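S.K.: Structure: model.pdb, PDB, C-alpha atoms.
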```
ATOM      1  CA  MET L1230     114.904 107.245  99.595
ATOM      2  CA  ILE L1231     111.698 106.101 101.249
ATOM      3  CA  ILE L1232     110.777 102.918 103.087
ATOM      4  CA  VAL L1233     107.686 100.927 102.120
ATOM      5  CA  LYS L1234     106.274  97.951 104.027
ATOM      6  CA  ILE L1235     105.350  94.941 101.913
ATOM      7  CA  LYS L1236     102.930  92.449 103.446
ATOM      8  CA  THR L1237     102.181  89.088 101.870
ATOM      9  CA  ILE L1238     100.198  85.966 102.627
ATOM     10  CA  LEU L1239      99.990  82.354 101.558
ATOM     11  CA  LYS L1240     102.218  81.414  98.610
ATOM     12  CA  PHE L1241     103.807  84.869  98.322
ATOM     13  CA  LYS L1242     104.885  84.702 101.953
ATOM     14  CA  GLU L1243     106.757  81.455 101.193
ATOM     15  CA  VAL L1244     108.475  83.067  98.194
ATOM     16  CA  LEU L1245     109.776  85.869 100.428
ATOM     17  CA  GLY L1246     111.474  83.373 102.707
ATOM     18  CA  GLY L1247     108.547  82.898 105.077
ATOM     19  CA  GLU L1248     108.410  86.569 106.011
ATOM     20  CA  GLU L1249     104.944  88.033 106.435
ATOM     21  CA  GLU L1250     106.259  91.544 105.970
ATOM     22  CA  ILE L1251     109.430  93.085 104.673
ATOM     23  CA  PHE L1252     110.624  96.668 104.414
ATOM     24  CA  VAL L1253     112.030  97.949 101.139
ATOM     25  CA  LYS L1254     113.998 101.129 100.400
ATOM     26  CA  ILE L1255     113.097 102.718  97.097
ATOM     27  CA  PRO L1256     113.718 106.134  95.504
ATOM     28  CA  ARG L1257     111.228 108.950  96.117
ATOM     29  CA  ASN L1258     108.424 109.223  93.543
ATOM     30  CA  SER L1259     108.571 105.490  92.806
ATOM     31  CA  THR L1260     105.372 103.799  91.698
ATOM     32  CA  ILE L1261     103.935 100.439  92.634
ATOM     33  CA  ASN L1262     105.181  99.204  89.269
ATOM     34  CA  ASP L1263     108.734 100.335  90.183
ATOM     35  CA  LEU L1264     108.392  98.518  93.503
ATOM     36  CA  LEU L1265     107.265  95.325  91.748
ATOM     37  CA  ASP L1266     110.253  95.539  89.400
ATOM     38  CA  LEU L1267     112.591  95.761  92.385
ATOM     39  CA  LEU L1268     110.881  92.912  94.245
ATOM     40  CA  THR L1269     110.715  90.568  91.275
ATOM     41  CA  ASN L1270     114.366  91.223  90.415
ATOM     42  CA  ASN L1271     115.354  90.306  93.977
ATOM     43  CA  TYR L1272     112.940  87.375  94.303
ATOM     44  CA  GLN L1273     112.842  85.509  90.974
ATOM     45  CA  GLU L1274     110.216  83.066  92.241
ATOM     46  CA  LEU L1275     107.926  86.011  93.031
ATOM     47  CA  SER L1276     108.210  87.145  89.423
ATOM     48  CA  LYS L1277     106.939  83.753  88.240
ATOM     49  CA  GLU L1278     103.998  83.983  90.640
ATOM     50  CA  ILE L1279     102.969  87.562  89.815
ATOM     51  CA  TYR L1280     103.579  87.816  86.066
ATOM     52  CA  ASN L1281     102.480  85.659  83.154
ATOM     53  CA  GLU L1282     104.677  84.993  80.104
ATOM     54  CA  LYS L1283     103.811  88.429  78.656
ATOM     55  CA  LYS L1284     104.908  90.155  81.920
ATOM     56  CA  GLU L1285     101.299  91.022  82.702
ATOM     57  CA  ILE L1286      99.938  90.707  86.227
ATOM     58  CA  ARG L1287      98.298  87.302  86.580
ATOM     59  CA  GLU L1288      94.528  87.295  86.935
ATOM     60  CA  GLY L1289      93.241  87.354  90.495
ATOM     61  CA  ILE L1290      96.326  88.854  92.138
ATOM     62  CA  SER L1291      95.380  91.799  94.327
ATOM     63  CA  PHE L1292      97.316  94.773  95.614
ATOM     64  CA  LEU L1293      96.192  97.032  98.431
ATOM     65  CA  HIS L1294      97.890 100.377  98.978
ATOM     66  CA  ASN L1295      97.330 101.519 102.554
ATOM     67  CA  GLY L1296      94.244  99.294 102.651
ATOM     68  CA  VAL L1297      92.733 100.445  99.333
ATOM     69  CA  ASN L1298      92.737  98.430  96.101
ATOM     70  CA  ILE L1299      95.283 100.075  93.789
ATOM     71  CA  PHE L1300      92.803 100.017  90.922
ATOM     72  CA  ALA L1301      90.614 102.453  92.871
ATOM     73  CA  LYS L1302      93.645 104.769  92.668
ATOM     74  CA  GLU L1303      96.149 105.055  89.827
ATOM     75  CA  GLY L1304      96.736 101.312  89.495
ATOM     76  CA  LEU L1305     100.359 100.294  89.116
ATOM     77  CA  ASP L1306     101.223 103.964  88.522
ATOM     78  CA  THR L1307     100.226 104.906  92.093
ATOM     79  CA  ILE L1308     103.095 106.905  93.594
ATOM     80  CA  LEU L1309     104.426 105.636  96.904
ATOM     81  CA  GLN L1310     105.229 107.718  99.982
ATOM     82  CA  ASP L1311     107.484 107.009 102.936
ATOM     83  CA  GLY L1312     105.759 104.626 105.347
ATOM     84  CA  ASP L1313     103.207 103.304 102.862
ATOM     85  CA  SER L1314     102.030  99.729 103.169
ATOM     86  CA  ILE L1315     101.427  97.395 100.229
ATOM     87  CA  LEU L1316      99.588  94.105 100.651
ATOM     88  CA  ILE L1317     100.077  91.617  97.818
ATOM     89  CA  PHE L1318      97.945  88.504  97.844
ATOM     90  CA  PRO L1319      97.316  85.663  95.427
ATOM     91  CA  PRO L1320      93.938  84.607  94.086
ATOM     92  CA  VAL L1321      91.835  83.128  96.844
ATOM     93  CA  GLY L1322      89.046  80.709  96.036
ATOM     94  CA  GLY L1323      86.309  79.275  98.093
ATOM     95  CA  GLY L1324      83.273  77.206  97.727
TER      96      GLY L1324
END
```
Let me see whether you can do it: turn the structure in this file into structure tokens.
M.R.:
Amino acid sequence: MIIVKIKTILKFKEVLGGEEEIFVKIPRNSTINDLLDLLTNNYQELSKEIYNEKKEIREGISFLHNGVNIFAKEGLDTILQDGDSILIFPPVGGG
């Protein structure tokens, strides 16, 4: 097993019970997609916020793996290591 730190902001922070960061134990060689499955099974409200009706990631949601956008890596198939940090944040607008 490995431990991964999940950091969230805004609405996602509220869904995780007001916690800005949580630590999750997952099996070795898990991907970000595996991590999301675990999180959304444990936090049903998070599932509604992250996925649309087709279980696709909603537009504008961003994931950073150790500070780098996951889509600059292997996307949701990025393999996680012990001590990694994942930041999940909702669409942010401005004007």
S.K.: Using only C-alpha atoms, find the one residue out of L:Asn1281, L:Leu1309, L:Met1230, L:Phe1292 that sits nearest to Pro1256 (chain L).
M.R.: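 Of the candidates, the smallest distance to Pro1256 (chain L) is held by L:Met1230.
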S.K.: Using only C-alpha atoms, which residue out of L:Ile1290, L:Ile1308, L:Ile1231, L:Val1244 lies closest to Ile1261 (chain L)?
M.R.: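 Ranking L:Ile1290, L:Ile1308, L:Ile1231, L:Val1244 by distance to Ile1261 (chain L), first place goes to L:Ile1308.
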S.K.: Identify which of the residues L:Asn1270, L:Thr1237, L:Tyr1280, L:Asn1258 lies closest to Gln1310 (chain L), counting only C-alpha atoms when measuring atom-to-atom distances.
M.R.: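 Closest residue, counting only C-alpha atoms: L:Asn1258.
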S.K.: Here's the selection I'm unsure about, the PyMOL selection byres ((chain L and resi 1318) around 9); applied to the file above, which residues does it give, as a VMD selection string?
M.R.: chain L and resid 1236 to 1242 1289 to 1293 1316 to 1317 1319 to 1321
S.K.: Give the answer as one residue: which of L:Asp1311, L:Glu1250, L:Asn1295, L:Ile1235 has the shortest atom-to-atom distance to Leu1267 (chain L), using all atoms listed in the file?
M.R.: L:Ile1235
S.K.: If we count all atoms listed in the file and set the cut-off at 12 Å, which residues sit around Asp1266 (chain L), ignoring sequence neighbours fewer than 5 positions away in its own chain? Please answer as a ChimeraX atom specification.
M.R.: /L:1255,1259-1261,1271-1273,1275-1276,1279-1280,1284,1286,1305
S.K.: Expressed in Å to a single decimal, how great is the separation between CA of Thr1269 (chain L) and CA of Arg1257 (chain L)?
M.R.: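 Atom-to-atom, CA of Thr1269 (chain L) and CA of Arg1257 (chain L) are spaced 19.0 Å apart.
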S.K.: Quick one: distance from CA of Ser1314 (chain L) to CA of Val1233 (chain L) in Å, one decimal?
M.R.: 5.9 Å
S.K.: Provide the CA of Glu1274 (chain L) to CA of Lys1254 (chain L) distance in Å, to one decimal place.
M.R.: 20.2 Å
S.K.: Identify which of the residues L:Gly1246, L:Glu1278, L:His1294, L:Thr1307 lies closest to Lys1234 (chain L), counting all atoms listed in the file when measuring atom-to-atom distances.
M.R.: L:His1294
S.K.: Nearest to Asp1263 (chain L) among L:Glu1243, L:Asp1306, L:Glu1249, L:Glu1288, with distances taken over all atoms listed in the file: which residue is it?
M.R.: L:Asp1306
